[in-house]
Every structure is written in C-alpha cells, then in structure tokens.
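Before any comments, here is the structure.
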Amino acid sequence: MRTAAALLALVLALPDGRNASPEGEWRAALDIAGGELRFGVRIDRRGSEWRGELCNGSRCQTFSAVRPAGDSVVLEMADYAATITARLAGDSLSGAYRNVGNRGPRVIPFRASRGRWPASRGPERLLGRWDAMWIGDFGTSPRVIELRNGEAGLEGTIISNTGDYGHFAGGVRGDSFALAHFDGSYVYMLTGALGGGGGTPDTLRGIFHAGLRTQTPWIAVRSSGAAHLKAVTENTRADTAQPFRFSFPDLDGRVVTERDPRFRGKVVVVDVFGTWCPTCHDAAPELVRLHRKYHERGLEIVGLAYEVSGDTAVDRRQVRRYREKFGIPFTLLLAGVNDTEAAAATLPQLQGFTSFPTTIFLGRDGKVRRIHAGFYGPATGAQHAKQVRDWEREVEGLLREESRDTGGSG
Amino acid sequence: MIARRLPAAILAATALIAPLRAQAPPPDITRERAAFAEWLSEAPNSPLAAVAQQPIGPGITLGPPGADVPLAGVVEHRVSERGGAVSLHGPDGGRVLPAGRPVALGSFTVMSGGVPGRRVLTVFGPDRREKAAEYYDHDPTLVFVGPLSPPGQPGRVRLLALDGIETEALEAGTVTVPIDGRAVRLHVRRIPTGMEDESELEIFFRDDTNGAGTYPAGRFVSLVPAGDGRYRLDFNRARNPFCAYSSAFACPAPWRGNAIGAKVEAGERYSGGGLSVPPGAGEER
C-alpha cells in the first residue's frame with residue numbers, strides 16, 4: 001500500500017516537472033522547413049557541476065556551459081555566441097536554438113525526448129564516394145559526398161572546392177537517407193535517395209538544407225575517380241625571401257616573436273585560427289597530434305588567434321578555453337591584440353589572407369615553404385587522410401633539412 | 001494563382017468572427033515577434049543602436065572628429081577590405097572582422113557584411129532608441145500557399161537587403177495572390193542571408209497602407225517552402241526594412257512591379273507617419 005502511494009506520488013509529481021531533471025541522453029531535433037534535423041544531446045551532473053555534449057552521431061562536442069534554471073535548461077555554445085534554451089516537461093524538452101543574426105535573431109525551434117536516436121546502417125549500394133552537383137537557381141556547383149557506416153550508423157560528409165562541411169550523421173530508410181550536421185553555428189541537413197525522381201539506380205538525388213529554410217536540390221553519380229573538385233587554394237603569395245616575422249602577446253601578456261629561443265633552428269608550423277571558426281576546431285586535434293609526433297625531432301607549432309570580442313580579457317579567456325578543450329601543448333598567441341609597436345598590419349608578409357584556418361610551414365631557416373588555406377576535417381575521410389599524410393611528409397621533409405643556422409640571428 | 005490556405009468553411013467562420021473580435025496571431029508568430037522584440041532591445045547589433053553604415057571601399061577611418069565615422073572616445077582606427085577579408089587596425093594592432101559577427105570597439109560595436117569586394121561596415125552605439133515593433137491584428141485571409149513561377153528573365157540583381165546592405169540577389173520568379181478580389185503578381189528574389197549557403201526568398205512590396213499605417217518605403221515578406229514545391233506567403237510576417245528603425249540605414253529602392261494597388265493591413269506597422277511618396281514614384285528603372 002505504501003509502495004503504491006509512493007508510486008502514485010511519483011506519477012503525480014512528474015507532469016509538473018518539479019522532480020524532473022534534464023540529466024540523461026536526449027534525442028534532439030531542430031525543426032527546419034525541410035524536416036527534422038536530428039542530433040544527440042547528453043547532460044550529466046557531478047555534484048553541483050553540470051556539463052553536456054552535443055553529438056552528430058558518434059562525434060560529440062562539449063557545451064561551454066549547462067545552466068538549469070527552474071523548469072528550463074540553457075545549453076551554451078560560447079564559441080558561436082549561441083544558446084539552446086528549453087523547457088523541461090516530463091520526458092520532453094522544447095524551446096529554441098538561437099544566435100545573433102544580422103537581420104533579426106536566428107531562431108530555430110528545438111525539441112528533444114529522452115533516449116538515443118536509433119542507429120541505422122546504410123545498404124552497400126548507398127556507400128562510397130559520389131560526385132554531386134548542387135543545382136542553384138543559375139548554374140551548378142560541384143560537391144563530393146562520401147557515405148559510410150560508422151558506429152552510430154550511416155555517416156558522411158560533403159566536400160566543396162574550398163573545404164568540407166563537417167561530420168554528418170543520421171538515419172536510413174530503404175534507399176533514402178537524412179544526415180545532419182549541427183555544431184552550434186552551422187545548421188545543415190542532407191537528404192537523398194537512390195534513383196529518386198526517375199534517375200537510374202546509380203543516381204542519387206536529394207536536397208541540401210542550410211539554416212532554417214534554404215534548400216538546394218542536388219544530383220550525384222558514383223565517383224569515377226577523376227577529379228571532380230578544384231584543388232584547395234594554395235596561397236603562395238608570401239614573402240619567402242625573409243624569415244617569417246610575427247610578434248604577439250601570449251595568454252599571459254608576454255610578447256613572443258619568431259626570434260624566441262623556442263623557435264630557433266626549428267621547423268615551425270604557424271596556425272592562423274580563431275575560436276569562432278568551426279573548421280579551426282577540426283584542425284586543432286590534428287595539430288596537437290603533429291606536435292606530439294614530431295616535437296622531439298624539432299617541430300614547433302605556434303597558434304595565432306584572431307578573436308572577435310575586442311576585449312583582451314574576454315579573448316584571452318576564450319583562447320584558454322580552446323587550449324583546454326583540445327589539450328594544446330604548443331604556444332598560442334593573441335594576434336588580434338598586438339600590443340607591440342610593430343607594423344600596423346599584423347602579418348604584413350602574407351598577401352591575400354582570407355581563409356581560417358591558414359597553416360604556414362616554415363623551414364629551419366624561418367622562411368615560408370608552404371601555405372595551406374582551409375582544412376579538410378576528419379569527416380572528409382579520404383581527403384582528411386590525404387591532407388594528414390601531406391602534412392606529415394612536409395614536416396618530415398623540413399625536419400631532414402640541415403640546420404645551417406642553429407645559432408640563429410633570425 | 002496561389003490558393004487561399006484555409007478551407008472555405010473555416011474561412012467563412014473566420015469572416016463571421018473577425019468583425020467581433022480581433023484575431024490572436026498563431027503561437028509561432030507570437031514567438032517570432034517576442035524573439036525579435038528581445039533582439040531589438042538587447043542585441044549589440046540591433047538596428048535601434050545603429051549609428052552608421054558605410055561601404056568600406058578603399059578603406060574608412062573611425063574615431064576622431066575628422067574621421068569618416070566619428071565615434072566619441074575612440075582613437076583613430078582604420079577598416080579595410082582585402083580579397084573579401086575585412087580588418088580593423090588601431091594603435092593596439094589589427095584584427096579580423098568576420099562577416100556578420102558583432103565586434104566591440106570601445107563602447108561601440110562594429111560588424112562587417114555585404115559581398116566580397118563590396119563589404120559594408122555597420123557601427124552600433126552604446127545607446128539605443130526606445131522603439132517597439134508594432135503590428136496589425138492577425139489576418140488569416142492574408143496567408144497563401146502555392147507555386148513559384150520561374151522568372152521571365154533570369155539573372156542577378158544588385159539590391160539592398162532588409163538591413164540596408166548591398167548584396168547580389170537572384171531573380172527567383174513570381175507568385176500570384178488574390179488581394180481585394182484581384183490577382184496580384186509579385187516578383188520574388190533570392191537574397192543571401194550572410195550565413196554561408198543560406199538565403200531567403202524575399203518579396204519587397206508596396207501597398208496602399210504605405211505612409212498611412214505602414215512604412216512609406218514598403219515592406220519585405222519572405223516566401224517559405226511549404227513542401228511539394230509549394231511556398232507559403234504570409235503577409236502577417238511582413239517586416240519593415242531597417243531604415244524604419246534608424247536613419248543610419250539606407251532604404252532599398254522599391255522593386256518594379258511589386259506595388260499592390262490595395263491595402264495590405266497585416267504584419268508590421270509604422271507610426272512614424274508618411275513621407276507623401278506618391279504611389280509608384282521612386283521605383284527602380
């Protein structure tokens with residue numbers, strides 16, 4: 001009898017939400033015009049400390065803050081000045097994702113129910129590399145779509161001439177699929193079907209959804225192996241006659257230049273990044289790996305952060321958080337707040353520097369050997385693997401070069 | 001022609017009820033308006049806080065009284081664009097201004113936007129005007145769903161978006177809607193939002209309420225995909241261009257052919273009065 005009463009009390013307590021907690025796993029979705037963009041959310045509590053993760057399939061990122069408030073919870077993504085605010089009612093969350101827009105707030109309805117999206121594997125005939133054309137209002141533009149099965153079911157990525165769209169994950173039903181990528185800033189969904197719209201069985205057709213309601217139709221055929229995309233821009237317009245110069249404060253405010261003893265006679269990789277840049281987040285773990293693998297043999301990496309707040313304290317906090325998030329062991333400098341009396345332009349030796357990230361490889365003599373714009377994230381599969389191999393080859397080649405100037409006057 | 005969204009029976013019922021009691025907007029519109037109101041009063045880049053908007057061109061200076069954009073308490077800074085990338089240089093060095101992200105400069109906020117090669121800088125101040133968006137009562141008879149007909153003459157067109165920034169839009173076609181018993185054809189253009197890969201189908205239109213209840217220059221309304229190749233046009237979501245909120249913004253030129261010869265009493269209102277613009281005057285040629 002007492003048990004029954006207790007059960008009844010529990011049942012009665014649930015709908016009003018007082019006893020409910022946002023803790024646990026959630027099947028989350030953004031309601032965009034073209035359908036339901038699915039992703040996972042996990043919220044944990046250790047003592048009084050809350051934390052949470054946003055997952056596209058098996059690929060997760062940590063929320064910068066999780067703040068329960070009354071019957072609501074706020075999930076913050078500080079890197080993108082974005083939040084998810086949702087009300088908890090029993091076993092569901094509903095609210096909105098928002099970030100600062102330019103013509104009004106960018107708001108997309110959000111909801112979640114308890115549990116995990118079921119993993120569904122794609123049939124063999126969907127998997128592999130597809131040469132796609134995005135069909136715009138006037139003309140087409142090439143993309144490559146890669147589909148594969150991962151631990152959370154069908155996953156993949158989309159690659160354009162300038163880089164990739166990150167890791168996509170989702171579900172399959174027969175020969176149709178819907179894959180999503182939501183990282184707090186980019187809101188993308190790729191839907192498609194084999195042979196859809198009267199095509200041949202070797203044709204994929206679908207819609208690429210961006211944001212709340214941009215829809216671009218696409219069509220793809222199996223990759224023939226021939227190059228479908230143009231090569232990533234290799235920016236070679238740099239002054240290679242002189243050692244590459246920089247002079248910026250580190251996170252403790254001490255100015256560091258290329259003449260610092262830590263760089264003398266070393267092969268140096270300069271990573272121009274910003275904590276607001278999703279592709280930079282993709283590149284960071286690879287740079288950490290590169291550092292771990294080659295540091296002993298003479299590789300140094302220096303990250304130059306271009307931040308946006310304009311407030312040194314805020315920028316510094318943001319970059320520190322980035323350093324902790326990726327466990328970055330190498331030097332990070334705040335390039336956006338140059339306190340030296342150096343030249344007005346922060347990197348005068350680079351001409352036409354438009355991409356974040358930009359990776360600059362310097363030989364032991366400090367001179368620019370290679371500049372790479374953009375970064376193919378792990379979600380690009382083969383492209384990523386190739387880029388990692390290229391970078392390793394580049395670093396190994398530079399490490400083998402004789403260090404003629406170990407005393408280094410710079 | 002785009003059909004009225006509501007079945008005839010519901011429509012008849014609404015017509016009976018409408019004169020008795022003002023229609024409450026549906027919850028999604030209420031939410032959108034609440035989010036917009038909050039954004040207007042809190043966002044660092046709210047149009048109510050705007051003090052200047054200027055093409056960056058070969059470079060502009062900010063700060064002292066003689067600068068292109070004088071800003072009290074700000075030492076001289078220079079904004080320039082190279083290959084689409086905008087940077088801000090001052091005595092403390094330089095920093096990149098990513099498009100569409102507000103960046104603090106003293107007590108001001110700056111934000112770059114527009115297309116590469118023709119970037120525009122908008123400057124927002126620490127104070128903002130007290131002004132709330134006002135709306136007509138909800139009118140469910142001004143919601144339409146139907147197809148988008150392809151444009152007679154495809155092509156690109158340079159125009160000012162809602163935020164006063166010049167952008168390159170695409171002719172997207174036309175929609176035809178029944179208003180006041182007449183079939184009205186409206187031109188639709190696809191306008192980039194400034195977020196990568198994102199764009200909106202927009203209609204900039206004039207109607208007989210302009211200068212007499214609504215903003216004299218006209219209003220924007222979006223065409224929203226409704227599935228099966230059809231689109232929803234909801235005049236209850238018509239919005240003022242940002243020039244209605246601050247003269248820091250330039251007003252878009254009216255789009256030729258988009259003057260509705262009837263009153264569209266739905267969506268955002270304007271209580272600032274008329275500028276006696278005769279209908280049809282000032283249209284682009």
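Following the order of the structure tokens, chains are lettered A, B, ..., residues in each are numbered from 1, and ligands are numbered from 1.
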
Compile a residue-level contact table for chain B against chain A at a cut-off of 7 Å, reporting for every qualifying residue the shortest atom pair and its distance in Å to one decimal, with only C-alpha atoms counted, rows ordered by chain and ascending number, as a Markdown table.
```
| residue | atom | partner | partner_atom | distance |
| --- | --- | --- | --- | --- |
| B:Ala35 | CA | A:Pro105 | CA | 6.9 |
| B:Phe36 | CA | A:Gly104 | CA | 6.1 |
| B:Trp39 | CA | A:Pro105 | CA | 6.1 |
| B:Arg82 | CA | A:Gly352 | CA | 6.4 |
| B:Gly83 | CA | A:Gly352 | CA | 5.9 |
| B:Gly84 | CA | A:Thr354 | CA | 7.0 |
| B:Ala85 | CA | A:Thr354 | CA | 5.5 |
| B:His89 | CA | A:Ala344 | CA | 6.5 |
| B:Asp92 | CA | A:Asp339 | CA | 5.3 |
| B:Gly93 | CA | A:Asn338 | CA | 4.7 |
| B:Gly94 | CA | A:Gly336 | CA | 5.7 |
| B:Arg95 | CA | A:Gly336 | CA | 4.4 |
| B:Val96 | CA | A:Tyr306 | CA | 6.4 |
| B:Leu97 | CA | A:Val308 | CA | 6.9 |
| B:Gly100 | CA | A:Asn102 | CA | 6.0 |
| B:Val103 | CA | A:Ser309 | CA | 5.1 |
| B:Ala104 | CA | A:Gly310 | CA | 5.1 |
| B:Leu105 | CA | A:Gly310 | CA | 6.3 |
| B:Leu162 | CA | A:Arg103 | CA | 6.9 |
| B:Asp163 | CA | A:Arg103 | CA | 5.9 |
| B:Asp197 | CA | A:Ala210 | CA | 6.2 |
| B:Glu198 | CA | A:Thr214 | CA | 5.5 |
| B:Ser199 | CA | A:Thr214 | CA | 5.7 |
| B:Glu200 | CA | A:Thr214 | CA | 6.5 |
| B:Pro225 | CA | A:Ala33 | CA | 6.6 |
```

Leaving out stretch 145-148 of chain A and any residue of its chain fewer than 4 positions from it, which residues lie within 10 Å of it when counting only C-alpha atoms, given as a ChimeraX atom specification? /A:121-124,126-133,153-160,164,168-169,179,190,220-223,379-382

Could those residues be written to a file, using N, CA and C atoms, as a compact mmCIF listing (two decimals), in the first residue's frame?
```txt
# COMPACT_ATOMS: atom_id res chain seq x y z
N ARG A 121 22.13 1.46 -40.29
CA ARG A 121 23.24 1.34 -41.23
C ARG A 121 22.74 1.46 -42.67
N GLY A 122 23.57 2.04 -43.50
CA GLY A 122 23.20 2.22 -44.89
C GLY A 122 23.50 0.97 -45.69
N PRO A 123 22.65 0.64 -46.68
CA PRO A 123 22.95 -0.51 -47.54
C PRO A 123 24.18 -0.21 -48.39
N GLU A 124 24.87 -1.26 -48.76
CA GLU A 124 26.11 -1.15 -49.53
C GLU A 124 25.96 -0.22 -50.74
N LEU A 126 24.44 2.43 -51.15
CA LEU A 126 24.47 3.87 -50.88
C LEU A 126 25.89 4.35 -50.57
N LEU A 127 26.73 3.40 -50.11
CA LEU A 127 28.02 3.79 -49.56
C LEU A 127 29.03 4.16 -50.63
N GLY A 128 30.03 4.95 -50.22
CA GLY A 128 31.12 5.28 -51.13
C GLY A 128 31.13 6.75 -51.48
N ARG A 129 31.83 7.04 -52.56
CA ARG A 129 32.08 8.42 -52.93
C ARG A 129 31.21 8.79 -54.13
N TRP A 130 30.52 9.90 -54.01
CA TRP A 130 29.61 10.35 -55.06
C TRP A 130 30.02 11.73 -55.55
N ASP A 131 30.05 11.89 -56.86
CA ASP A 131 30.32 13.22 -57.45
C ASP A 131 28.98 13.92 -57.61
N ALA A 132 28.80 15.00 -56.86
CA ALA A 132 27.49 15.66 -56.84
C ALA A 132 27.55 17.03 -57.50
N MET A 133 26.39 17.49 -57.97
CA MET A 133 26.24 18.86 -58.44
C MET A 133 25.12 19.49 -57.64
N GLY A 153 25.79 4.33 -37.10
CA GLY A 153 25.01 4.16 -38.31
C GLY A 153 25.58 4.95 -39.47
N LEU A 154 24.71 5.27 -40.44
CA LEU A 154 25.18 5.96 -41.64
C LEU A 154 25.74 7.33 -41.28
N GLU A 155 26.90 7.63 -41.83
CA GLU A 155 27.50 8.94 -41.62
C GLU A 155 28.19 9.37 -42.91
N GLY A 156 28.65 10.58 -42.94
CA GLY A 156 29.30 11.01 -44.15
C GLY A 156 29.74 12.45 -44.09
N THR A 157 30.12 12.95 -45.25
CA THR A 157 30.49 14.36 -45.32
C THR A 157 30.29 14.89 -46.72
N ILE A 158 30.37 16.21 -46.82
CA ILE A 158 30.23 16.88 -48.10
C ILE A 158 31.48 17.74 -48.26
N ILE A 159 32.08 17.68 -49.44
CA ILE A 159 33.29 18.45 -49.68
C ILE A 159 33.04 19.39 -50.85
N SER A 160 33.46 20.64 -50.70
CA SER A 160 33.34 21.60 -51.80
C SER A 160 34.74 21.98 -52.26
N ASP A 164 35.35 21.34 -46.30
CA ASP A 164 34.27 20.40 -46.06
C ASP A 164 33.25 20.99 -45.11
N PHE A 168 28.66 14.52 -40.84
CA PHE A 168 27.22 14.34 -40.91
C PHE A 168 26.85 12.96 -40.38
N ALA A 169 25.75 12.87 -39.65
CA ALA A 169 25.28 11.57 -39.17
C ALA A 169 23.77 11.55 -39.24
N LEU A 179 20.93 12.99 -43.32
CA LEU A 179 22.12 13.16 -42.49
C LEU A 179 22.18 14.61 -42.03
N LEU A 190 21.39 16.95 -45.09
CA LEU A 190 21.46 16.40 -46.44
C LEU A 190 20.46 15.26 -46.52
N ALA A 220 23.72 13.31 -57.91
CA ALA A 220 25.07 12.77 -57.85
C ALA A 220 25.16 11.42 -58.56
N VAL A 221 26.34 11.17 -59.11
CA VAL A 221 26.62 9.86 -59.69
C VAL A 221 27.85 9.29 -58.99
N ARG A 222 28.03 7.99 -59.08
CA ARG A 222 29.20 7.37 -58.45
C ARG A 222 30.47 8.00 -58.99
N SER A 223 31.40 8.25 -58.08
CA SER A 223 32.64 8.87 -58.47
C SER A 223 33.41 7.96 -59.43
N ALA A 379 35.83 14.44 -40.96
CA ALA A 379 34.61 13.96 -41.60
C ALA A 379 34.80 13.75 -43.10
N THR A 380 35.85 14.31 -43.68
CA THR A 380 36.03 14.15 -45.12
C THR A 380 36.69 12.83 -45.49
N GLY A 381 37.01 12.03 -44.47
CA GLY A 381 37.54 10.70 -44.74
C GLY A 381 38.82 10.73 -45.55
N ALA A 382 38.71 10.33 -46.83
CA ALA A 382 39.89 10.19 -47.68
C ALA A 382 40.65 11.52 -47.83
```

For stretch 173-177 of chain B: contacts at 7 Å, only C-alpha atoms, fewer than 5 positions along chain excluded, given as a short mmCIF file (atom, residue, chain, number, x, y, z; two decimals) with C-alpha atoms, in the first residue's frame:
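Ended up saving to out_32.cif:
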```
data_model
loop_
_atom_site.label_atom_id
_atom_site.label_comp_id
_atom_site.auth_asym_id
_atom_site.auth_seq_id
_atom_site.Cartn_x
_atom_site.Cartn_y
_atom_site.Cartn_z
CA MET B 1 -2.88 31.50 -58.79
CA ILE B 2 -2.00 30.72 -55.21
CA PRO B 147 3.77 27.53 -56.58
CA LEU B 148 6.59 29.86 -57.57
CA SER B 149 6.58 30.52 -61.32
CA PRO B 150 10.00 30.73 -62.95
CA PRO B 151 11.29 34.20 -63.77
CA ALA B 183 -4.87 38.68 -58.95
CA VAL B 184 -1.63 40.38 -57.92
CA ARG B 185 1.66 39.16 -59.33
CA LEU B 186 4.74 39.76 -57.19
CA HIS B 187 8.42 39.37 -58.05
CA VAL B 188 10.48 37.15 -55.77
#
```

To one decimal in Å, tell me the separation between atom CA of B:Gly261 and atom CA of B:Gly146. 21.0 Å

Give the strand (DSSP E or B) residues of stretch 126-156 of chain B, as DSSP finds them on the backbone, and put them as a count of residues only. 8

Name all residues at most 8 Å from A:Asp250 (count only C-alpha atoms; drop same-chain ones fewer than 3 positions away) and give them as a list in words. Gly253, Arg254, Val255, Val256, Thr331, Leu332, Leu333 and Leu334 of chain A

Go ahead and save the picked residues with N, CA and C atoms, as a compact mmCIF listing (two decimals), in the first residue's frame.
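Generated file (selection.txt):
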```txt
# COMPACT_ATOMS: atom_id res chain seq x y z
N GLY A 253 50.25 37.65 -21.62
CA GLY A 253 50.59 39.02 -21.96
C GLY A 253 52.05 39.24 -22.33
N ARG A 254 52.87 38.16 -22.33
CA ARG A 254 54.27 38.33 -22.72
C ARG A 254 54.40 38.25 -24.23
N VAL A 255 55.14 39.21 -24.79
CA VAL A 255 55.26 39.24 -26.24
C VAL A 255 56.22 38.16 -26.73
N VAL A 256 55.80 37.41 -27.72
CA VAL A 256 56.61 36.34 -28.29
C VAL A 256 56.82 36.65 -29.78
N THR A 331 52.50 26.82 -28.16
CA THR A 331 52.27 28.24 -27.87
C THR A 331 51.06 28.80 -28.62
N LEU A 332 50.21 29.52 -27.90
CA LEU A 332 49.10 30.24 -28.55
C LEU A 332 49.28 31.73 -28.28
N LEU A 333 49.19 32.51 -29.33
CA LEU A 333 49.36 33.96 -29.19
C LEU A 333 48.08 34.68 -29.62
N LEU A 334 47.82 35.81 -28.99
CA LEU A 334 46.64 36.61 -29.33
C LEU A 334 47.01 37.61 -30.42
```

For B:Pro178, the nearest of the candidates B:Thr30, B:Thr141, B:Gln153, B:Thr214, counting only C-alpha atoms: B:Thr141

Residues within 7 Å of B:Ser222, please, as a PDB file with N, CA and C atoms, in the first residue's frame. Count only C-alpha atoms; anything in the same chain fewer than 2 positions from it doesn't count.
```
ATOM      1  N   GLU B 200      17.311  33.562 -48.494  1.00  0.00           N
ATOM      2  CA  GLU B 200      15.865  33.605 -48.293  1.00  0.00           C
ATOM      3  C   GLU B 200      15.209  34.082 -49.584  1.00  0.00           C
ATOM      4  N   LEU B 201      14.001  33.565 -49.837  1.00  0.00           N
ATOM      5  CA  LEU B 201      13.200  34.086 -50.943  1.00  0.00           C
ATOM      6  C   LEU B 201      12.427  35.279 -50.399  1.00  0.00           C
ATOM      7  N   GLU B 202      12.657  36.444 -50.978  1.00  0.00           N
ATOM      8  CA  GLU B 202      12.059  37.658 -50.420  1.00  0.00           C
ATOM      9  C   GLU B 202      11.248  38.413 -51.462  1.00  0.00           C
ATOM     10  N   ILE B 203      10.240  39.088 -50.957  1.00  0.00           N
ATOM     11  CA  ILE B 203       9.434  39.998 -51.777  1.00  0.00           C
ATOM     12  C   ILE B 203       9.488  41.357 -51.099  1.00  0.00           C
ATOM     13  N   PHE B 220       9.191  44.103 -46.521  1.00  0.00           N
ATOM     14  CA  PHE B 220       9.681  42.814 -47.002  1.00  0.00           C
ATOM     15  C   PHE B 220       8.787  41.705 -46.452  1.00  0.00           C
ATOM     16  N   VAL B 224       8.188  31.088 -47.868  1.00  0.00           N
ATOM     17  CA  VAL B 224       8.738  29.975 -47.097  1.00  0.00           C
ATOM     18  C   VAL B 224       8.342  28.651 -47.741  1.00  0.00           C
ATOM     19  N   LEU B 233       3.191  32.272 -48.386  1.00  0.00           N
ATOM     20  CA  LEU B 233       3.377  33.717 -48.318  1.00  0.00           C
ATOM     21  C   LEU B 233       2.413  34.228 -47.254  1.00  0.00           C
TER      22      LEU B 233
END
```

Non-local contacts of B:Arg269 (6 Å; only C-alpha atoms; under 4 positions in same chain excluded) as a PyMOL selection string: chain B and resi 134-135+213-214

For the selection you just gave me, I'd like the residues written to a file as a CSV table (one decimal), in the first residue's frame, keeping N, CA and C atoms.
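Saved as result38.csv:
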```
chain,number,residue,atom,x,y,z
B,134,GLU,N,5.6,47.4,-34.1
B,134,GLU,CA,4.1,47.4,-33.9
B,134,GLU,C,3.5,46.6,-35.1
B,135,TYR,N,2.4,45.9,-34.8
B,135,TYR,CA,1.8,45.0,-35.8
B,135,TYR,C,0.3,45.2,-35.9
B,213,GLY,N,0.0,54.2,-42.1
B,213,GLY,CA,-0.1,53.0,-41.3
B,213,GLY,C,1.1,52.1,-41.4
B,214,THR,N,1.7,52.1,-42.6
B,214,THR,CA,3.0,51.3,-42.7
B,214,THR,C,4.1,52.1,-43.2
```

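Pairwise distance (atom CA of B:Gly194, atom CA of B:Ala161) equals 10.5 Å.
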